[in-house]
$ cat coords-v6.cif   # mmCIF, C-alpha atoms
data_entry
#
loop_
_atom_site.label_atom_id
_atom_site.label_comp_id
_atom_site.auth_asym_id
_atom_site.auth_seq_id
_atom_site.Cartn_x
_atom_site.Cartn_y
_atom_site.Cartn_z
CA MET A 1 20.23 -29.71 53.49
CA SER A 2 23.88 -30.37 52.69
CA HIS A 3 25.10 -30.42 49.13
CA GLY A 4 26.40 -33.37 47.20
CA ASP A 5 29.52 -33.88 45.13
CA GLU A 6 29.38 -31.71 41.99
CA ILE A 7 31.94 -33.86 40.21
CA ILE A 8 29.99 -37.06 40.76
CA HIS A 9 26.55 -35.52 40.35
CA GLN A 10 26.85 -34.81 36.61
CA GLN A 11 24.64 -37.42 34.95
CA THR A 12 27.16 -39.26 32.80
CA ARG A 13 29.71 -39.32 35.61
CA LEU A 14 27.05 -40.57 38.02
CA GLN A 15 26.39 -43.45 35.62
CA ILE A 16 30.12 -44.16 35.27
CA MET A 17 30.61 -44.18 39.05
CA ALA A 18 27.57 -46.43 39.57
CA ALA A 19 28.84 -48.89 36.97
CA LEU A 20 32.33 -48.96 38.53
CA ASN A 21 30.89 -49.21 42.03
CA ALA A 22 28.93 -52.30 40.97
CA LEU A 23 32.21 -54.11 40.23
CA PRO A 24 33.98 -56.10 42.97
CA HIS A 25 36.67 -54.03 44.76
CA GLY A 26 39.77 -53.53 42.61
CA GLU A 27 38.20 -54.91 39.44
CA ALA A 28 38.41 -52.84 36.26
CA ILE A 29 35.97 -52.49 33.36
CA GLU A 30 36.96 -52.04 29.73
CA PHE A 31 36.40 -48.63 28.19
CA THR A 32 34.31 -50.14 25.40
CA ARG A 33 32.00 -51.91 27.84
CA LEU A 34 31.62 -48.76 29.95
CA ARG A 35 30.81 -46.82 26.77
CA ALA A 36 28.00 -49.26 26.01
CA ILE A 37 26.57 -48.92 29.54
CA VAL A 38 26.72 -45.13 29.61
CA GLN A 39 25.82 -44.69 25.93
CA ALA A 40 28.33 -41.92 25.36
CA THR A 41 30.68 -41.15 22.49
CA ASP A 42 34.39 -41.97 22.82
CA GLY A 43 35.24 -38.28 23.24
CA ASN A 44 32.53 -37.60 25.78
CA LEU A 45 33.31 -40.66 27.87
CA GLY A 46 37.03 -39.89 27.67
CA ALA A 47 36.46 -36.35 28.96
CA HIS A 48 34.37 -37.54 31.91
CA ILE A 49 36.92 -40.24 32.73
CA GLY A 50 39.59 -37.51 32.74
CA THR A 51 37.56 -35.42 35.19
CA LEU A 52 37.04 -38.37 37.52
CA GLU A 53 40.71 -39.37 37.28
CA ASP A 54 41.81 -35.80 38.10
CA ALA A 55 39.58 -35.91 41.17
CA GLY A 56 41.30 -39.12 42.28
CA TYR A 57 38.05 -41.07 42.05
CA ILE A 58 39.08 -43.54 39.34
CA GLY A 59 42.21 -45.12 37.98
CA VAL A 60 42.92 -45.73 34.30
CA LYS A 61 45.03 -48.66 33.08
CA LYS A 62 46.31 -48.81 29.53
CA ASP A 63 47.89 -51.93 28.05
CA PHE A 64 47.86 -54.12 24.95
CA VAL A 65 46.06 -57.36 24.23
CA GLY A 66 48.24 -58.68 21.42
CA LYS A 67 48.55 -55.61 19.19
CA LYS A 68 45.28 -54.03 20.28
CA PRO A 69 45.41 -51.21 22.81
CA ARG A 70 43.10 -51.68 25.77
CA THR A 71 41.92 -49.11 28.30
CA ARG A 72 40.42 -50.18 31.59
CA VAL A 73 38.91 -48.11 34.35
CA LEU A 74 38.39 -48.82 38.03
CA LEU A 75 37.21 -47.06 41.16
CA THR A 76 39.78 -45.90 43.72
CA ARG A 77 39.12 -46.19 47.44
CA ASN A 78 38.52 -42.43 47.53
CA GLY A 79 36.11 -42.74 44.65
CA ARG A 80 34.18 -45.53 46.33
CA ASN A 81 33.85 -43.48 49.52
CA ALA A 82 32.87 -40.30 47.67
CA PHE A 83 30.28 -42.21 45.65
CA ALA A 84 28.79 -43.76 48.81
CA ARG A 85 28.47 -40.29 50.35
CA HIS A 86 26.82 -38.92 47.23
CA VAL A 87 24.39 -41.84 47.10
CA ASP A 88 23.43 -41.05 50.71
CA PHE A 89 22.82 -37.43 49.67
CA LEU A 90 20.63 -38.52 46.76
CA ARG A 91 18.69 -41.02 48.86
CA ALA A 92 17.96 -38.27 51.38
CA ILE A 93 16.47 -36.16 48.57
CA LEU A 94 14.47 -39.08 47.19
CA ASP A 95 13.18 -39.87 50.68
CA THR A 96 11.99 -36.26 51.04
CA SER A 97 10.11 -36.66 47.79
CA THR A 98 8.14 -39.66 49.02
CA GLY A 99 6.81 -37.73 52.03
CA PRO A 100 3.29 -36.93 50.75
CA GLU A 101 2.39 -40.45 49.65
CA ARG A 102 3.30 -41.75 53.09
CA SER A 103 1.28 -39.13 54.94
CA ALA A 104 -1.61 -39.68 52.52
CA GLU A 105 -1.65 -43.35 53.47
CA LYS A 106 -2.13 -42.43 57.11
CA ASP A 107 -5.29 -40.38 56.38
CA MET B 1 20.99 -46.50 30.01
CA SER B 2 18.66 -43.59 29.24
CA HIS B 3 19.45 -40.10 30.43
CA GLY B 4 17.59 -38.08 33.01
CA ASP B 5 16.27 -34.54 32.95
CA GLU B 6 19.16 -32.05 32.83
CA ILE B 7 16.98 -29.23 34.16
CA ILE B 8 15.87 -31.21 37.21
CA HIS B 9 19.19 -32.97 37.78
CA GLN B 10 21.14 -29.86 38.86
CA GLN B 11 21.57 -30.27 42.62
CA THR B 12 19.77 -27.17 43.90
CA ARG B 13 16.88 -27.68 41.47
CA LEU B 14 16.66 -31.34 42.48
CA GLN B 15 16.28 -30.19 46.09
CA ILE B 16 13.68 -27.58 45.12
CA MET B 17 11.66 -30.13 43.13
CA ALA B 18 11.86 -32.69 45.95
CA ALA B 19 10.65 -30.11 48.49
CA LEU B 20 7.74 -29.07 46.23
CA ASN B 21 6.90 -32.68 45.41
CA ALA B 22 6.60 -33.41 49.14
CA LEU B 23 3.72 -30.89 49.39
CA PRO B 24 0.12 -32.01 48.83
CA HIS B 25 -1.02 -31.45 45.21
CA GLY B 26 -1.64 -27.79 44.45
CA GLU B 27 -0.13 -26.51 47.69
CA ALA B 28 2.51 -23.77 47.52
CA ILE B 29 5.54 -23.12 49.70
CA GLU B 30 6.85 -19.68 50.63
CA PHE B 31 10.09 -18.55 49.02
CA THR B 32 11.67 -17.91 52.41
CA ARG B 33 10.86 -21.41 53.64
CA LEU B 34 12.17 -22.98 50.45
CA ARG B 35 15.34 -20.92 50.82
CA ALA B 36 15.85 -22.37 54.30
CA ILE B 37 15.38 -25.94 53.02
CA VAL B 38 17.70 -25.56 50.05
CA GLN B 39 20.18 -23.31 51.84
CA ALA B 40 20.67 -21.00 48.89
CA THR B 41 21.00 -17.24 48.61
CA ASP B 42 18.03 -15.20 47.39
CA GLY B 43 19.70 -14.62 44.02
CA ASN B 44 20.69 -18.23 43.52
CA LEU B 45 17.29 -19.59 44.52
CA GLY B 46 15.57 -16.98 42.35
CA ALA B 47 17.63 -18.00 39.31
CA HIS B 48 16.82 -21.69 39.76
CA ILE B 49 13.14 -20.92 40.27
CA GLY B 50 13.25 -18.97 37.00
CA THR B 51 14.76 -21.94 35.17
CA LEU B 52 12.12 -24.31 36.56
CA GLU B 53 9.31 -21.87 35.76
CA ASP B 54 10.57 -21.45 32.17
CA ALA B 55 10.51 -25.24 31.83
CA GLY B 56 6.87 -25.27 32.96
CA TYR B 57 7.73 -27.35 36.03
CA ILE B 58 6.72 -24.87 38.69
CA GLY B 59 4.37 -21.94 39.12
CA VAL B 60 5.19 -18.74 41.00
CA LYS B 61 2.53 -16.73 42.86
CA LYS B 62 3.23 -13.21 44.07
CA ASP B 63 0.91 -11.35 46.40
CA PHE B 64 0.91 -9.22 49.53
CA VAL B 65 0.26 -10.12 53.13
CA GLY B 66 -0.69 -6.73 54.49
CA LYS B 67 2.08 -4.54 53.05
CA LYS B 68 4.66 -7.32 52.81
CA PRO B 69 5.25 -8.90 49.42
CA ARG B 70 5.05 -12.68 49.44
CA THR B 71 6.32 -15.15 46.83
CA ARG B 72 5.08 -18.70 46.79
CA VAL B 73 6.11 -21.58 44.58
CA LEU B 74 4.31 -24.78 43.64
CA LEU B 75 4.78 -27.76 41.35
CA THR B 76 2.79 -27.95 38.11
CA ARG B 77 1.34 -31.23 36.88
CA ASN B 78 4.11 -31.35 34.24
CA GLY B 79 6.67 -30.73 36.94
CA ARG B 80 5.33 -33.50 39.13
CA ASN B 81 5.43 -35.95 36.22
CA ALA B 82 8.92 -34.88 35.12
CA PHE B 83 10.20 -35.19 38.68
CA ALA B 84 8.69 -38.68 39.03
CA ARG B 85 10.44 -39.76 35.81
CA HIS B 86 13.74 -38.31 37.00
CA VAL B 87 13.43 -40.06 40.37
CA ASP B 88 12.91 -43.33 38.49
CA PHE B 89 16.07 -42.61 36.51
CA LEU B 90 18.04 -41.90 39.70
CA ARG B 91 16.68 -44.97 41.47
CA ALA B 92 17.77 -47.11 38.52
CA ILE B 93 21.32 -45.75 38.91
CA LEU B 94 21.30 -46.25 42.68
CA ASP B 95 20.01 -49.81 42.22
CA THR B 96 22.90 -50.52 39.87
CA SER B 97 25.26 -49.30 42.54
CA THR B 98 23.96 -51.75 45.14
CA GLY B 99 24.68 -54.72 42.87
CA PRO B 100 27.95 -55.96 44.43
CA GLU B 101 26.71 -56.00 48.01
CA ARG B 102 23.77 -58.15 46.98
CA SER B 103 25.90 -60.63 45.05
CA ALA B 104 28.40 -60.67 47.92
CA GLU B 105 25.62 -61.79 50.26
CA LYS B 106 24.97 -64.78 48.07
CA ASP B 107 28.59 -66.01 48.30
#
$ encode --input "coords-v6.cif" --output "structure tokens"
Amino acid sequence: MSHGDEIIHQQTRLQIMAALNALPHGEAIEFTRLRAIVQATDGNLGAHIGTLEDAGYIGVKKDFVGKKPRTRVLLTRNGRNAFARHVDFLRAILDTSTGPERSAEKD
Amino acid sequence: MSHGDEIIHQQTRLQIMAALNALPHGEAIEFTRLRAIVQATDGNLGAHIGTLEDAGYIGVKKDFVGKKPRTRVLLTRNGRNAFARHVDFLRAILDTSTGPERSAEKD
């Protein structure tokens, strides 16, 4: 069995990638909203975002809304492709795991 | 979103658990066959088996077939339950990730 993407596989990053992948192409999500979805601390989420950005999987946009700084995150094309491949890898594992129930039904 | 099981989530252990979960209840798999499925080295597979055994998720049986030592591995009840919970966690993430395609179909 082939191996998946170690960068994406880590649980918090998997949740981040899934949340970004659920957005329409090119659309960004605010850091604060992502933090609520993933239930991570600022520091923890920031570190995982850094790892995903270094891998070229996500882009980070920083700007201001009035005087308030805003950070938004979005999936790159590479990130979307890598996530799709990793989801395929995971589904293959999950499909393996449903083997016995299926064969039991045939008995 | 809740978090999954860190012990099970690691990729090689996820593959081991899926392979064991695919066996009928109480049935063991030989170390050498598991190694072929997971595509790990003896040392690597042995280390992950140790981690899963320490967690109470798998049992390890050692005996001899003639003069040849044989190691077999099987899922415990706790392991089966923990794996099922982790699969639910992963499926929830994968379902999130299929959100945009579904909404796109509606447009």
$ closest_atom_pairs --input "coords-v6.cif" --of "chain B" --to "chain A" --cutoff "12 Å" --atoms "all atoms listed in the file" --output "tab-separated table"
residue	atom	partner	partner_atom	distance
B:Met1	CA	A:Val38	CA	5.9
B:Ser2	CA	A:Gln39	CA	8.0
B:His3	CA	A:Gln11	CA	7.4
B:Gly4	CA	A:Gln11	CA	7.3
B:Asp5	CA	A:Gln11	CA	9.1
B:Glu6	CA	A:Gln11	CA	8.0
B:Ile7	CA	A:Gln11	CA	11.2
B:Ile8	CA	A:Gln11	CA	11.0
B:His9	CA	A:Gln11	CA	7.6
B:Gln10	CA	A:Gln10	CA	7.9
B:Gln11	CA	A:Gly4	CA	7.3
B:Thr12	CA	A:His3	CA	8.1
B:Arg13	CA	A:Ile93	CA	11.1
B:Leu14	CA	A:Ile93	CA	7.8
B:Gln15	CA	A:Ile93	CA	6.5
B:Ile16	CA	A:Ile93	CA	9.7
B:Met17	CA	A:Ser97	CA	8.2
B:Ala18	CA	A:Ser97	CA	4.7
B:Ala19	CA	A:Ser97	CA	6.6
B:Leu20	CA	A:Ser97	CA	8.1
B:Asn21	CA	A:Ser97	CA	5.6
B:Ala22	CA	A:Ser97	CA	5.0
B:Leu23	CA	A:Pro100	CA	6.2
B:Pro24	CA	A:Pro100	CA	6.2
B:His25	CA	A:Pro100	CA	8.9
B:Glu27	CA	A:Pro100	CA	11.4
B:Leu34	CA	A:Met1	CA	10.9
B:Arg35	CA	A:Met1	CA	10.4
B:Ala36	CA	A:Met1	CA	8.6
B:Ile37	CA	A:Met1	CA	6.2
B:Val38	CA	A:Met1	CA	6.0
B:Gln39	CA	A:Met1	CA	6.6
B:Ala40	CA	A:Met1	CA	9.9
B:Arg80	CA	A:Ser97	CA	10.4
B:Phe83	CA	A:Ser97	CA	9.2
B:Ala84	CA	A:Ser97	CA	9.1
B:His86	CA	A:Leu94	CA	10.2
B:Val87	CA	A:Leu94	CA	7.0
B:Asp88	CA	A:Leu94	CA	9.8
B:Phe89	CA	A:Gln11	CA	10.1
B:Leu90	CA	A:Leu90	CA	8.2
B:Arg91	CA	A:Leu94	CA	8.5
B:Ala92	CA	A:Gln15	CA	9.8
B:Ile93	CA	A:Ala18	CA	6.3
B:Leu94	CA	A:Val87	CA	7.0
B:Asp95	CA	A:Ala18	CA	8.7
B:Thr96	CA	A:Ala18	CA	6.2
B:Ser97	CA	A:Ala18	CA	4.7
B:Thr98	CA	A:Ala22	CA	6.5
B:Gly99	CA	A:Ala22	CA	5.2
B:Pro100	CA	A:Ala22	CA	5.1
B:Glu101	CA	A:Ala22	CA	8.3
B:Arg102	CA	A:Ala22	CA	9.8
B:Ser103	CA	A:Pro24	CA	9.5
B:Ala104	CA	A:Pro24	CA	8.7
$ resolve_selection --input "coords-v6.cif" --expression "the PyMOL selection byres ((chain A and resi 56-68) around 10)" --output "MDAnalysis selection string"
chainID A and resid 7:8 16:17 20 26 28:31 49:55 69:83
$ atom_distance --input "coords-v6.cif" --atom1 "CA of Arg85 (chain B)" --atom2 "CA of Asp42 (chain A)"
27.3 Å
$ decode --input "coords-v6.cif" --residues "region 41-56 of chain A" --atoms "all heavy atoms" --output "mmCIF file, in the first residue's frame"
data_model
loop_
_atom_site.group_PDB
_atom_site.id
_atom_site.type_symbol
_atom_site.label_atom_id
_atom_site.label_comp_id
_atom_site.auth_asym_id
_atom_site.auth_seq_id
_atom_site.Cartn_x
_atom_site.Cartn_y
_atom_site.Cartn_z
ATOM 1 N N THR A 41 -5.291 26.662 19.394
ATOM 2 C CA THR A 41 -4.868 27.964 19.894
ATOM 3 C C THR A 41 -4.277 28.773 18.742
ATOM 4 O O THR A 41 -3.931 28.211 17.697
ATOM 5 C CB THR A 41 -3.788 27.814 20.981
ATOM 6 O OG1 THR A 41 -2.651 27.153 20.391
ATOM 7 C CG2 THR A 41 -4.295 26.985 22.149
ATOM 8 N N ASP A 42 -4.144 30.083 18.944
ATOM 9 C CA ASP A 42 -3.527 30.941 17.928
ATOM 10 C C ASP A 42 -2.153 30.414 17.526
ATOM 11 O O ASP A 42 -1.835 30.319 16.340
ATOM 12 C CB ASP A 42 -3.341 32.364 18.482
ATOM 13 C CG ASP A 42 -4.605 33.204 18.361
ATOM 14 O OD1 ASP A 42 -5.659 32.634 17.989
ATOM 15 O OD2 ASP A 42 -4.538 34.401 18.649
ATOM 16 N N GLY A 43 -1.332 30.085 18.533
ATOM 17 C CA GLY A 43 0.043 29.663 18.271
ATOM 18 C C GLY A 43 0.103 28.351 17.510
ATOM 19 O O GLY A 43 0.877 28.194 16.564
ATOM 20 N N ASN A 44 -0.743 27.420 17.930
ATOM 21 C CA ASN A 44 -0.778 26.105 17.295
ATOM 22 C C ASN A 44 -1.263 26.210 15.853
ATOM 23 O O ASN A 44 -0.639 25.661 14.935
ATOM 24 C CB ASN A 44 -1.709 25.197 18.118
ATOM 25 C CG ASN A 44 -1.579 23.737 17.746
ATOM 26 O OD1 ASN A 44 -2.508 23.163 17.202
ATOM 27 N ND2 ASN A 44 -0.430 23.142 17.998
ATOM 28 N N LEU A 45 -2.343 26.948 15.657
ATOM 29 C CA LEU A 45 -2.863 27.111 14.295
ATOM 30 C C LEU A 45 -1.839 27.836 13.422
ATOM 31 O O LEU A 45 -1.610 27.452 12.273
ATOM 32 C CB LEU A 45 -4.198 27.881 14.324
ATOM 33 C CG LEU A 45 -4.854 28.113 12.966
ATOM 34 C CD1 LEU A 45 -5.110 26.807 12.235
ATOM 35 C CD2 LEU A 45 -6.171 28.887 13.135
ATOM 36 N N GLY A 46 -1.197 28.870 13.989
ATOM 37 C CA GLY A 46 -0.198 29.620 13.240
ATOM 38 C C GLY A 46 0.958 28.728 12.787
ATOM 39 O O GLY A 46 1.438 28.838 11.658
ATOM 40 N N ALA A 47 1.392 27.829 13.665
ATOM 41 C CA ALA A 47 2.502 26.926 13.330
ATOM 42 C C ALA A 47 2.108 25.983 12.190
ATOM 43 O O ALA A 47 2.890 25.764 11.255
ATOM 44 C CB ALA A 47 2.913 26.126 14.564
ATOM 45 N N HIS A 48 0.895 25.434 12.265
ATOM 46 C CA HIS A 48 0.455 24.512 11.215
ATOM 47 C C HIS A 48 0.250 25.233 9.888
ATOM 48 O O HIS A 48 0.545 24.690 8.820
ATOM 49 C CB HIS A 48 -0.818 23.782 11.647
ATOM 50 C CG HIS A 48 -0.577 22.755 12.705
ATOM 51 N ND1 HIS A 48 0.339 21.736 12.548
ATOM 52 C CD2 HIS A 48 -1.109 22.590 13.943
ATOM 53 C CE1 HIS A 48 0.352 21.000 13.642
ATOM 54 N NE2 HIS A 48 -0.514 21.497 14.501
ATOM 55 N N ILE A 49 -0.244 26.464 9.960
ATOM 56 C CA ILE A 49 -0.399 27.265 8.746
ATOM 57 C C ILE A 49 0.979 27.521 8.121
ATOM 58 O O ILE A 49 1.155 27.451 6.904
ATOM 59 C CB ILE A 49 -1.146 28.586 9.059
ATOM 60 C CG1 ILE A 49 -2.643 28.288 9.232
ATOM 61 C CG2 ILE A 49 -0.917 29.634 7.974
ATOM 62 C CD1 ILE A 49 -3.474 29.483 9.649
ATOM 63 N N GLY A 50 1.973 27.786 8.974
ATOM 64 C CA GLY A 50 3.335 27.985 8.477
ATOM 65 C C GLY A 50 3.865 26.752 7.751
ATOM 66 O O GLY A 50 4.478 26.858 6.683
ATOM 67 N N THR A 51 3.617 25.586 8.316
ATOM 68 C CA THR A 51 4.070 24.330 7.702
ATOM 69 C C THR A 51 3.404 24.122 6.341
ATOM 70 O O THR A 51 4.066 23.739 5.368
ATOM 71 C CB THR A 51 3.735 23.136 8.633
ATOM 72 O OG1 THR A 51 4.400 23.328 9.877
ATOM 73 C CG2 THR A 51 4.176 21.811 8.021
ATOM 74 N N LEU A 52 2.113 24.391 6.285
ATOM 75 C CA LEU A 52 1.376 24.196 5.031
ATOM 76 C C LEU A 52 1.775 25.245 3.987
ATOM 77 O O LEU A 52 1.825 24.956 2.788
ATOM 78 C CB LEU A 52 -0.140 24.260 5.294
ATOM 79 C CG LEU A 52 -0.712 23.086 6.104
ATOM 80 C CD1 LEU A 52 -2.153 23.372 6.527
ATOM 81 C CD2 LEU A 52 -0.638 21.783 5.310
ATOM 82 N N GLU A 53 2.089 26.450 4.451
ATOM 83 C CA GLU A 53 2.528 27.502 3.530
ATOM 84 C C GLU A 53 3.913 27.157 2.964
ATOM 85 O O GLU A 53 4.163 27.287 1.760
ATOM 86 C CB GLU A 53 2.566 28.856 4.247
ATOM 87 C CG GLU A 53 2.729 30.033 3.293
ATOM 88 C CD GLU A 53 2.809 31.374 4.022
ATOM 89 O OE1 GLU A 53 3.019 31.388 5.252
ATOM 90 O OE2 GLU A 53 2.668 32.413 3.342
ATOM 91 N N ASP A 54 4.802 26.677 3.833
ATOM 92 C CA ASP A 54 6.145 26.272 3.394
ATOM 93 C C ASP A 54 6.075 25.156 2.347
ATOM 94 O O ASP A 54 6.920 25.069 1.462
ATOM 95 C CB ASP A 54 6.987 25.794 4.585
ATOM 96 C CG ASP A 54 7.406 26.942 5.486
ATOM 97 O OD1 ASP A 54 7.250 28.113 5.077
ATOM 98 O OD2 ASP A 54 7.861 26.675 6.620
ATOM 99 N N ALA A 55 5.091 24.300 2.487
ATOM 100 C CA ALA A 55 4.931 23.190 1.537
ATOM 101 C C ALA A 55 4.291 23.653 0.225
ATOM 102 O O ALA A 55 4.191 22.877 -0.724
ATOM 103 C CB ALA A 55 4.082 22.086 2.168
ATOM 104 N N GLY A 56 3.853 24.894 0.191
ATOM 105 C CA GLY A 56 3.208 25.429 -1.014
ATOM 106 C C GLY A 56 1.754 25.003 -1.148
ATOM 107 O O GLY A 56 1.168 25.112 -2.220
#
